[in-house]
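> Below you'll find the structure I mean.
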Amino acid sequence: MIDLHIHSKFSDGTDSIDDILKIVQEKNIPTIALTDHDTTYGIAEITEKAIIENITVIPAVEISSVSNGHLIHILGYNIDVSNSQLQDMLSLICDYFNKSFLEHYNWLLKNNYIDFDINKIIKFAGYKQCIALSDIMKAMIADGKPYSLKDWPEFFNTKLRHYNGHFIENFPVHSSEAVEVINQAKGTASFAHPARIGNADIKEMELLLPHGLRALEVYYPYHDEILVKKYEEFALKHDLIKTGGTDWHGKDLTTWNVEIGDYGLKETILFD
């Protein structure tokens, strides 16, 4: 199986590039895509190391965006990583995420949910372009606090979900812009896990077609047979490339009971 949706420690995953390649090699997966959120920091390393193992890496990214109050992720495949417009957009998004991280941290501190030095978190995540909320937990674990990554979902749901910010309303990138910039970077834009925005899925995908949406993530752990058929039909109707993957975030942070290669495509597809 070819897995086109994998995250590493460079975004909100837990695995290093070596960890990912070890799994890929053990499972004899010929092609993968590293699709870290809003950063391409890991692509050079994984591409260089994969060549030695005869593994093909499609340069990719998962861009966060907003449309009609929905947080929508757009996957960009076969992108020109050096494209200045793409990198400018990723910098804009990461600046926003980093600002939002500080707001979340200060709220947690004010409400006595944590008592942990923010500089330790920033130092821990210093190699990254975007600080993820889960880096709070990761940094505390690295500092010897009595937590494990399995505590993160409960921490998020019982504490962080109560933060009443304006993350969606003030988000700096519209989904149409994300699609257009991926195209400008000579990539193929794919609508990620559409079912995760509920009944707005078809409408939001249709809105992006005129802007250059060229693919759809059909095969995904959340998608049952009914949803897969629904998205296959939509892709066929609009001549979209069908993509798929596990949305891997590492053993402890992957939402689904899957491993790299459990979802994806049976054969390599070409992104022109």
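In the structure tokens, the first chain shown is A, the next is B, and so on; residue numbers restart at 1 for each chain, and ligands run from 1 in the order shown.
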Show me, as a Markdown table, the residues of stretch 158-193 of chain A having an atom within 12 Å of stretch 235-259 of chain A, each with the closest atom pair and its distance in Å, using only C-alpha atoms.


| residue | atom | partner | partner_atom | distance |
| --- | --- | --- | --- | --- |
| A:Thr188 | CA | A:Ile241 | CA | 9.0 |
| A:Ala189 | CA | A:Ile241 | CA | 9.5 |
| A:Ser190 | CA | A:Thr243 | CA | 7.4 |
| A:Phe191 | CA | A:Thr243 | CA | 9.1 |
| A:Ala192 | CA | A:Gly244 | CA | 8.7 |
| A:His193 | CA | A:Gly244 | CA | 8.8 |

> Would you save the residues from that selection as a CSV table (one decimal), in the first residue's frame, using all heavy atoms?


chain,number,residue,atom,x,y,z
A,188,THR,N,-0.1,19.4,-6.8
A,188,THR,CA,-1.5,18.9,-7.0
A,188,THR,C,-2.2,19.1,-5.7
A,188,THR,O,-1.8,18.5,-4.7
A,188,THR,CB,-1.5,17.5,-7.4
A,188,THR,OG1,-0.9,17.3,-8.7
A,188,THR,CG2,-3.0,17.0,-7.5
A,189,ALA,N,-3.3,19.9,-5.6
A,189,ALA,CA,-4.0,20.1,-4.4
A,189,ALA,C,-5.1,19.1,-4.2
A,189,ALA,O,-5.9,18.8,-5.1
A,189,ALA,CB,-4.6,21.5,-4.4
A,190,SER,N,-5.1,18.5,-3.0
A,190,SER,CA,-6.1,17.4,-2.7
A,190,SER,C,-6.8,17.8,-1.4
A,190,SER,O,-6.2,18.2,-0.4
A,190,SER,CB,-5.4,16.1,-2.5
A,190,SER,OG,-6.3,15.1,-2.1
A,191,PHE,N,-8.1,17.7,-1.4
A,191,PHE,CA,-8.9,18.0,-0.2
A,191,PHE,C,-8.8,16.9,0.8
A,191,PHE,O,-9.1,15.7,0.5
A,191,PHE,CB,-10.4,18.1,-0.6
A,191,PHE,CG,-11.2,18.9,0.3
A,191,PHE,CD1,-11.7,20.1,0.1
A,191,PHE,CD2,-11.6,18.3,1.5
A,191,PHE,CE1,-12.5,20.8,1.0
A,191,PHE,CE2,-12.4,19.0,2.4
A,191,PHE,CZ,-12.9,20.2,2.2
A,192,ALA,N,-8.2,17.2,2.0
A,192,ALA,CA,-7.9,16.2,3.0
A,192,ALA,C,-9.1,15.8,3.8
A,192,ALA,O,-10.0,16.6,4.1
A,192,ALA,CB,-6.8,16.6,3.9
A,193,HIS,N,-9.2,14.5,4.1
A,193,HIS,CA,-10.3,13.9,5.0
A,193,HIS,C,-11.6,14.7,5.0
A,193,HIS,O,-11.9,15.3,6.0
A,193,HIS,CB,-9.8,13.7,6.4
A,193,HIS,CG,-8.9,14.8,6.9
A,193,HIS,ND1,-9.3,16.1,7.1
A,193,HIS,CD2,-7.6,14.8,7.3
A,193,HIS,CE1,-8.3,16.8,7.6
A,193,HIS,NE2,-7.3,16.0,7.8

> Mind listing the helix (DSSP H, G or I) residues of stretch 3-251 of chain A, per DSSP on the backbone, as number ranges by chain?

A: 17-26, 43-52, 84-110, 118-124, 135-142, 149-158, 160-162, 175-184, 194-211, 225-237

> I'd like the contact shell of A:Lys138 - 12 Å cut-off, only C-alpha atoms, skipping same-chain residues fewer than 2 positions apart - returned as a ChimeraX atom specification.

/A:9,12-14,116,120-125,131-136,140-152,252-253

> With only C-alpha atoms as the atoms that count, which of A:Lys229, A:Lys128, A:Arg214, A:Lys27 lies nearest to A:Ser11?

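For A:Ser11, the nearest of the candidates is A:Lys128.
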
> Restricting the calculation to only C-alpha atoms: of A:Gln87, A:Thr56, A:Asn68, A:Asn106, which residue gets closest to A:Asp38?

A:Gln87

> With only C-alpha atoms as the basis for distance, which of A:Ile55, A:Cys94, A:Ile6, A:Leu213 is at the shortest distance from A:Gly187?

A:Leu213
